[in-house]
Every structure is written in structure tokens, then in C-alpha cells.
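Remarks on the structure that follows.
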Amino acid sequence: MTDSQLFNNISLGGRGGTNPGQLKIHSGGILWKKQGGGKAVEVDKADVVGITWMKVPRTNQLGVRIKDGLYYKFFGFRDQDLASLTNYFQSTCGITPEEKQLSVSGRNWGEVDLNGNMLTFSVGSKQAFEVSLADVSQTQLQGKNDVILEFHVDDTTGANEKDSLMEISFHIPSNNAQFVGDENHPPAQVFRDKIMSMADVGAGGEEAVVTFDGVAILTPRGRYNVELHLSFLRLQGQANDFKIQYSSVVRLFLLPKSNQPHTFVIVTLDPPIRKGQTLYPHIVLQFDTDNVIQSSLSINEDLLSTKYKDKLEPSYKGLIHDMFTAILRGLSGAKVTKPGKFRSCQDGYAVKSSLKAEDGLLYPLEKSFFFLPKPPTLILHEEIDYVEFERHAAGGSNMHYFDLLIRLKTEQEHLFRNIQRNEYHNLFDFISGKGMKIMNLGDVQTTNGVAAVLRNNDDDAVDPHLERIKNEAGDESDEEDEDFVADKDDEGSPTDDSGEDDSDASESDGEKKKPMKKESTKEPSSSKPASKKRSKDANEDASKKKKPKKRKDPNAPKKAMSGFMFFSQMERENVKKSHPGIAFGGVGKVLGDRWKQLSAEEKEPYEAKARADRKRYEEEVSGYKNQQPVNVDSVNKSDNE
């Protein structure tokens with residue numbers, strides 16, 4: 001027999017499906033590599049504690065159980081492979097493979113066998129299924145007879161797999177003879193306690209290499225004790241506990257915040273962790289930038305000098321975020337991305353912006369853009385179809401901001417709003433230097449093209465939109481009705497806002513958001529057909545024919561306010577504080593975005609106020625309509641005096 005045997009088209013089974021690859025069995029143990037590269041499984045022969053064979057539909061399954069409780073299932077062996085592999089395991093590992101029979105009856109009523117940290121469910125004398133308790137993340141007792149097992153997210157799940165085993169429910173009858181209990185501890189409770197003693201609900205009995213206590217994590221939000229183990233990362237919080245295999249860690253990002261006391265460290269995962277129905281592909285940790293700590297690693301010296309040679313040191317001292325990143329990189333082997341050459345006007349690594357009504361920082365990196373802290377959005381340069389610089393949609397002549405639209409090849413769009421105008425040149429130089437397509441400059445593919453548009457928005461520049469409004473107003477009074485303006489801002493329905501669409505939700509500036517194209521000297525066209533300029537005589541005739549302005553009755557009841565109006569009253573000042581210098585129309589836009597983000601429960605207090613105010617208005621209107629008539633002439637006369 002040769003020193004090694006190679007088997008092609010062998011699939012590694014997991015809760016999320018199977019991944020095809022190549023299996024090599026050699027004198028030192030077992031090595032499986034995923035087809036096309038990526039994930040690999042390596043098992044030392046000294047760690048193997050059990051081998052099983054099972055005839056499954058159309059092929060044979062090899063089961064390998066190792067010391068730490070992990071259980072690997074390999075599919076794709078032929079019948080003629082069984083004899084040679086049996087001899088190989090006997091001579092190399094001193095283990096005789098055990099043959100099991102598969103139950104295909106379809107029954108779900110049977111017996112549970114807990115052997116080590118393996119749970120086997122058998123129907124009669126045949127095995128229906130088995131799971132490793134090392135995969136169990138949580139157990140719950142539902143009622144008196146049901147026990148639910150929740151599983152860790154499977155790091156072997158293929159990228160395109162849609163289904164993954166997340167939980168199994170067991171029904172343990174009260175008269176069960178295998179798990180005998182009493183009135184205070186029914187059989188289901190006994191079964192759960194036995195599972196808890198074997199399952200990897202905690203750290204699986206393995207001591208952490210190093211622990212970072214009380215780390216602020218922004219997604220999934222909370223404070224966690226972060227434990228770095230030899231094979232996995234554990235996040236232990238008050239309400240949640242996550243175990244993440246290092247094979248799921250795709251990349252690490254170390255991103256400082258300019259002029260801020262914190263630094264981001266992002267752990268990007270594939271597959272992501274799950275909290276309820278929400279998936280988290282990025283774990284965003286926030287460390288104090290100036291925090292210096294010292295710690296020694298709890299790791300075997302032999303292991304440190306062999307497997308982790310040149311990767312880890314016995315002890316560390318330095319900034320906490322650098323120390324965390326270095327240790328995690330050494331254990332997981334993941335690469336670390338740091339800021340590149342881009343610098344903002346504040347000499348930082350990112351520009352302030354907002355995405356989906358959330359304020360944050362946009363980091364232009366050498367191969368990607370990263371928006372933080374939430375929603376954490378990673379955009380690879382190779383995925384981008386084009387970018388577009390846009391005039392800020394706040395309206396008015398005081399324009400200090402612009403927007404950046406990034407469109408992906410998948411036709412998905414990300415609109416980053418409220419970027420300060422002085423950041424334009426740095427962003428333009430960075431994007432053009434990466435060879436990305438900039439759509440809205442037309443034939444003017446230079447930095448001065450958009451800069452000219454930005455200069456047109458200076459305080460001392462002429463706003464063509466305002467000029468058009470003034471011309472169309474004719475001889476109308478320039479005095480503004482304050483009540484009308486307030487109602488217009490408050491009553492504007494937030495549903496008019498199209499989120500990332502190109503239209504502005506606020507009617508106060510009356511202008512749709514326009515691409516930052518180089519503007520001509522001609523007056524912008526309105527949505528109405530163009531009309532010829534009126535002569536002086538025509539203006540005078542129109543002035544004579546104009547009807548007098550209808551006077552508002554001071555005794556009329558004040559109109560009822562909507563739930564959005566009450567919300568606006570509460571949040572208006574907060575918007576102004578978080579967006580210094582924001583124009584009047586921009587406030588309504590931000591309020592509309594935030595209102596749409598609220599759930600029905602969060603909107604309910606404002607809707608309740610609206611219902612009460614509507615009732616008040618209906619009662620006052622009823623009394624107002626039934627009151628004695630007023631001498632209108634006398635009212636007008638007194639007002640004019």
C-alpha cells in the first residue's frame with residue numbers, strides 16, 4: 001500500500017449542503033480541499049477517535065469524529081474503496097471502521113443516543129440522522145415536553161446555498177424511561193441538561209488564548225466579551241452568544257476615525273452570523289484609540305514555536321486595536337486592510353456622509369469603499385459600473401454639500417448624501433485615479449468641470465431657480481405667509497420622499513435634484529410649456545385684473561396636525577444640530593427619511609397625538625360653522641386701519 005491515497009469528487013457534508021473537493025488520506029492524517037480553492041479541512045491522525053461507514057443513496061459516507069467534538073462527513077466513495085480504506089485506518093490509526101445502516105422508513109419517532117458529544121437518532125436499530133453537539137449554540141425548553149436545539153451558522157455552507165439547518169425540536173414524553181425525572185425536573189428538562197453538559201453552548205471547554213472584556217460592538221449592537229480561541233472567535237454578551245469559526249473570516253479592516261477617540265475594527269464574514277432573521281456579514285468593533293494594554297497569550301509553547309511561528313508572539317503590549325488585529329490575524333490567517341493614500345480635507349481617512357438617513361463615514365480604500373458604522377456597506381471597486389457627482393438636493397442658494405451616487409454592475413445603487421463641498425477635489429482625484437467611470441460630467445472629464453458647478457452654488461452666486469420663481473411671481477407681494485410655510489413643511493407627507501430617488505421630498509425649494517452637469521447661462525426650463533416674456537403693458541393689465549388676496553379669518557380653528565407633523569416638531573432641532581448649515585428644504589427631506597425608517601410601533605405615539613388633534617379640530621369646526629355671522633366689512637376695515 002502506498003503512503004497516501006487520493007480521492008476525487010469527494011464532498012464534505014454540512015448543515016447547509018455539500019461542497020465538492022478532493023480528499024487525501026496520508027500517513028499523518030486526512031486532508032480535504034474544496035474544489036476551486038478556499039476552505040480546507042485537515043485532521044491529524046492522533047485526533048481521530050472514531051470512523052464509521054454508511055451506505056447512503058447512490059454512494060457511501062465516511063464519518064470521521066475527532067477529539068474536539070467535530071464530526072466530518074465525506075460523501076462520494078465507491079463500494080470498492082471500502083476494503084482498502086478499512087485496512088488503511090486499521091494499520092495507520094489503529095481504528096476499525098464501524099458500519100452503520102441508514103433508516104429510510106421516514107418515521108420520526110425513535111430513540112436518542114448521546115455518545116460523547118454526538119447525538120444519534122435511531123428508528124429501530126437503524127440510524128435516521130446524527131448531529132455533533134459541538135455545533136449546538138443554544139438550547140431552549142418549550143413547555144414541559146419540548147426541547148429546541150439551535151445551531152451555529154455552518155462555516156462549510158457554500159456561497160450559493162440557500163438552506164441551512166438552524167434548529168431541531170425534540171418531544172420528550174412525560175413517561176420517557178430513558179431520561180427519568182420528577183415533578184420539578186421532567187424528562188425534557190433532564191434531556192436538556194444532558195445536552196447542555198455536552199454541547200458547545202459555551203466555549204466547548206477550550207481555554208481562550210486571550211480575552212478582551214466589554215468591547216463595544218456596533219453591529220450586532222451591544223457590549224461583548226470577545227474571546228479569541230485557537231479555532232474560533234467567540235462573542236459573549238448578556239443576551240447573545242456567537243461562535244465564529246476562523247474559516248468564516250474573510251478579511252479584517254483597521255480604520256481609524258479622524259479627530260475622534262475611537263477606531264473601527266471590522267471582521268468580514270462569509271457566511272455571516274445570524275441574529276433572529278437578520279444576517280450580519282460585518283462585525284463592527286469600536287476601540288478606544290489611545291487605550292494601551294499588555295497581555296500574555298495562553299498558548300502552548302510547542303504550538304507557538306511550530307504552527308504559529310512568525311505569526312504570534314508570547315505577549316503583546318500596545319494600542320488595543322493594533323493588538324486585537326495582530327492576534328486575530330495570527331490565529332485566523334486573514335489579511336488586514338488599512339487606509340490607503342486617500343486623505344480628506346480634515347487630514348482624515350474618510351469623508352462624512354449619510355446613507356439611508358444614517359450619518360456615518362465613507363472610507364475610500366485602495367480596492368473598495370467602506371461606509372461605517374451602519375449600515376456597514378462594503379463596495380468593491382471591481383463591482384462598480386460608474387459613479388456620479390450630484391448637486392445636493394437641499395435647495396436654496398447656500399449650497400455647501402454634494403451627493404455621490406455609486407451604481408454597481410448589478411444595477412444596485414448607493415447614494416451617499418451630505419458630503420461637504422471642500423471634499424470634492426480629493427474624492428474626484430481618487431476616483432478618477434482608479435479609472436472609474438464618472439457619468440455626469442459629459443465631455444468635460446476634468447476636475448474643473450464639476451468644480452464650476454459647485455462654484456455656481458456659492459452664497460454670492462445667482463441661483464437660476466430662485467430667479468425663475470421671482471420672474472414667474474410677477475407683481476405678487478414678496479411678503480411670505482408664515483402660517484403657510486409652516487403648514488407646508490409639517491404637512492408634507494414623508495411618503496412623497498423616494499428614498500434614494502432623484503426627487504426631493506420637500507416642496508419648499510420646489511426643485512428636483514439635478515446631476516452636477518456643467519450649467520449653461522440659459523434659464524432652466526420649468527415643467528410648464530415655455531411662454532414668451534410679457535410686455536410691460538401686459539404686466540400692468542395682469543396687475544389690474546389680479547383678484548385681491550383672500551383674508552384669513554382669525555377666528556377659524558387651527559387645522560389638525562398629522563403624526564408626521566408632531567414627529568417633525570420633536571426632531572427638527574435635532575436635525576439642525578446633526579446637519580449644521582442645512583437649508584430649510586433639507587430639514588424636511590431628512591425628517592421624511594427618518595419618518596419612513598420608523599416602525600409602526602415607533603410611529604404610534606405621534607399618530608395618537610394626531611388622532612386627538614383631529615378630534616379637537618372637528619369639534620372646533622362644528623362650533624365655528626354654527627356661530628353667529630360676523631360683519632366682514634367691519635373686520636376688513638379694522639384690519640386695514
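Just remember, in the C-alpha cells the first chain shown is A, the second B, etc., residues are 1-based per chain, and ligands are 1-based in the order shown.
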
- Task: Enumerate as an MDAnalysis selection string all residues of range 131-367 of chain A assigned to strand (DSSP E or B) by DSSP on the backbone, naming them with the chain letters and numbers the document uses.
- Result: chainID A and resid 131:132 136:142 146:151 167:171 210:219 222:228 232:236 241:245 249:256 262:275 278:288 292:296 315:319 335:337 351:355 358:364

- Item | Long-range neighbours of Ile273 in chain A as number ranges by chain, 12 Å cut-off, only C-alpha atoms, 5 positions minimum in chain | A: 137, 151-155, 166, 219-220, 233-235, 240-245, 248-249, 267-268, 278-283

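Separating CA of Asp146 in chain A from CA of Gln127 in chain A is a distance of 21.5 Å.
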
Would you list the contacts of Gln294 in chain A as a compact mmCIF listing (two decimals) with C-alpha atoms, in the first residue's frame, taking every protein, DNA or RNA residue within 8 Å and counting only C-alpha atoms, but skipping same-chain residues closer than 4 positions in sequence?
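Wrote out10.txt, looks like this:
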```
# COMPACT_ATOMS: atom_id res chain seq x y z
CA SER A 315 2.98 38.54 24.86
CA TYR A 316 1.81 41.86 23.46
CA LYS A 317 1.87 45.46 24.60
CA GLY A 318 0.45 48.38 22.66
```

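When the distance limit is 9 Å and only C-alpha atoms are what count, the residues near Phe342 in chain A, minus those fewer than 6 positions from it on the same chain, are Gly348, Tyr349, Ala350, Tyr363, Pro364, Leu365, Glu366, Asn426, Leu427 and Phe430 of chain A.
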
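Contact shell of Gln346 in chain A at 10 Å (only C-alpha atoms; same-chain neighbours under 2 positions omitted): Ser258, Asn259, Arg343, Ser344, Gly348, Tyr349, Ala350, Val351, Asn422 and Glu423 of chain A.
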
Could you please take those selected residues and save all heavy atoms as a PDB file, in the first residue's frame?
```
ATOM      1  N   SER A 258     -10.981  60.002  12.056  1.00  0.00           N
ATOM      2  CA  SER A 258     -10.243  61.252  12.122  1.00  0.00           C
ATOM      3  C   SER A 258     -10.747  62.137  13.254  1.00  0.00           C
ATOM      4  O   SER A 258     -11.951  62.358  13.397  1.00  0.00           O
ATOM      5  CB  SER A 258     -10.368  61.998  10.791  1.00  0.00           C
ATOM      6  OG  SER A 258      -9.743  63.256  10.867  1.00  0.00           O
ATOM      7  N   ASN A 259      -9.817  62.627  14.061  1.00  0.00           N
ATOM      8  CA  ASN A 259     -10.133  63.551  15.156  1.00  0.00           C
ATOM      9  C   ASN A 259     -11.187  62.990  16.104  1.00  0.00           C
ATOM     10  O   ASN A 259     -11.970  63.731  16.698  1.00  0.00           O
ATOM     11  CB  ASN A 259     -10.614  64.905  14.600  1.00  0.00           C
ATOM     12  CG  ASN A 259      -9.559  65.552  13.723  1.00  0.00           C
ATOM     13  OD1 ASN A 259      -8.369  65.470  14.007  1.00  0.00           O
ATOM     14  ND2 ASN A 259      -9.994  66.192  12.646  1.00  0.00           N
ATOM     15  N   ARG A 343      -6.781  61.058   1.533  1.00  0.00           N
ATOM     16  CA  ARG A 343      -6.878  61.906   2.711  1.00  0.00           C
ATOM     17  C   ARG A 343      -7.978  62.942   2.477  1.00  0.00           C
ATOM     18  O   ARG A 343      -8.103  63.499   1.379  1.00  0.00           O
ATOM     19  CB  ARG A 343      -5.555  62.629   2.983  1.00  0.00           C
ATOM     20  CG  ARG A 343      -4.403  61.720   3.388  1.00  0.00           C
ATOM     21  CD  ARG A 343      -4.663  61.027   4.714  1.00  0.00           C
ATOM     22  NE  ARG A 343      -3.538  60.193   5.107  1.00  0.00           N
ATOM     23  CZ  ARG A 343      -3.390  58.927   4.739  1.00  0.00           C
ATOM     24  NH1 ARG A 343      -4.299  58.356   3.964  1.00  0.00           N
ATOM     25  NH2 ARG A 343      -2.341  58.236   5.136  1.00  0.00           N
ATOM     26  N   SER A 344      -8.765  63.169   3.510  1.00  0.00           N
ATOM     27  CA  SER A 344      -9.829  64.169   3.427  1.00  0.00           C
ATOM     28  C   SER A 344      -9.259  65.543   3.758  1.00  0.00           C
ATOM     29  O   SER A 344      -8.080  65.687   4.102  1.00  0.00           O
ATOM     30  CB  SER A 344     -10.952  63.816   4.403  1.00  0.00           C
ATOM     31  OG  SER A 344     -10.500  63.949   5.749  1.00  0.00           O
ATOM     32  N   GLY A 348      -8.041  63.321   7.452  1.00  0.00           N
ATOM     33  CA  GLY A 348      -8.500  62.019   7.919  1.00  0.00           C
ATOM     34  C   GLY A 348      -8.511  61.026   6.776  1.00  0.00           C
ATOM     35  O   GLY A 348      -8.071  61.307   5.653  1.00  0.00           O
ATOM     36  N   TYR A 349      -9.031  59.821   7.049  1.00  0.00           N
ATOM     37  CA  TYR A 349      -9.059  58.763   6.053  1.00  0.00           C
ATOM     38  C   TYR A 349     -10.435  58.589   5.436  1.00  0.00           C
ATOM     39  O   TYR A 349     -10.617  57.720   4.587  1.00  0.00           O
ATOM     40  CB  TYR A 349      -8.628  57.432   6.691  1.00  0.00           C
ATOM     41  CG  TYR A 349      -7.271  57.489   7.340  1.00  0.00           C
ATOM     42  CD1 TYR A 349      -7.145  57.552   8.726  1.00  0.00           C
ATOM     43  CD2 TYR A 349      -6.118  57.482   6.573  1.00  0.00           C
ATOM     44  CE1 TYR A 349      -5.889  57.599   9.321  1.00  0.00           C
ATOM     45  CE2 TYR A 349      -4.863  57.538   7.155  1.00  0.00           C
ATOM     46  CZ  TYR A 349      -4.755  57.596   8.540  1.00  0.00           C
ATOM     47  OH  TYR A 349      -3.518  57.652   9.124  1.00  0.00           O
ATOM     48  N   ALA A 350     -11.417  59.378   5.862  1.00  0.00           N
ATOM     49  CA  ALA A 350     -12.786  59.210   5.391  1.00  0.00           C
ATOM     50  C   ALA A 350     -13.449  60.570   5.272  1.00  0.00           C
ATOM     51  O   ALA A 350     -12.958  61.580   5.780  1.00  0.00           O
ATOM     52  CB  ALA A 350     -13.574  58.311   6.347  1.00  0.00           C
ATOM     53  N   VAL A 351     -14.595  60.595   4.578  1.00  0.00           N
ATOM     54  CA  VAL A 351     -15.401  61.815   4.466  1.00  0.00           C
ATOM     55  C   VAL A 351     -16.740  61.562   5.143  1.00  0.00           C
ATOM     56  O   VAL A 351     -17.281  60.459   5.092  1.00  0.00           O
ATOM     57  CB  VAL A 351     -15.613  62.217   2.995  1.00  0.00           C
ATOM     58  CG1 VAL A 351     -14.294  62.571   2.342  1.00  0.00           C
ATOM     59  CG2 VAL A 351     -16.303  61.115   2.207  1.00  0.00           C
ATOM     60  N   ASN A 422     -15.952  70.969   0.131  1.00  0.00           N
ATOM     61  CA  ASN A 422     -14.495  71.042   0.038  1.00  0.00           C
ATOM     62  C   ASN A 422     -13.835  69.664  -0.058  1.00  0.00           C
ATOM     63  O   ASN A 422     -12.620  69.570  -0.210  1.00  0.00           O
ATOM     64  CB  ASN A 422     -13.916  71.825   1.224  1.00  0.00           C
ATOM     65  CG  ASN A 422     -14.337  71.221   2.563  1.00  0.00           C
ATOM     66  OD1 ASN A 422     -14.965  70.168   2.600  1.00  0.00           O
ATOM     67  ND2 ASN A 422     -14.003  71.894   3.652  1.00  0.00           N
ATOM     68  N   GLU A 423     -14.631  68.595   0.030  1.00  0.00           N
ATOM     69  CA  GLU A 423     -14.081  67.250  -0.133  1.00  0.00           C
ATOM     70  C   GLU A 423     -14.105  66.807  -1.590  1.00  0.00           C
ATOM     71  O   GLU A 423     -13.592  65.730  -1.916  1.00  0.00           O
ATOM     72  CB  GLU A 423     -14.886  66.233   0.698  1.00  0.00           C
ATOM     73  CG  GLU A 423     -14.911  66.495   2.188  1.00  0.00           C
ATOM     74  CD  GLU A 423     -13.594  66.165   2.864  1.00  0.00           C
ATOM     75  OE1 GLU A 423     -12.622  65.834   2.144  1.00  0.00           O
ATOM     76  OE2 GLU A 423     -13.535  66.239   4.099  1.00  0.00           O
TER      77      GLU A 423
END
```

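CA of Ser11 in chain A is found 21.3 Å from CA of Ser27 in chain A.
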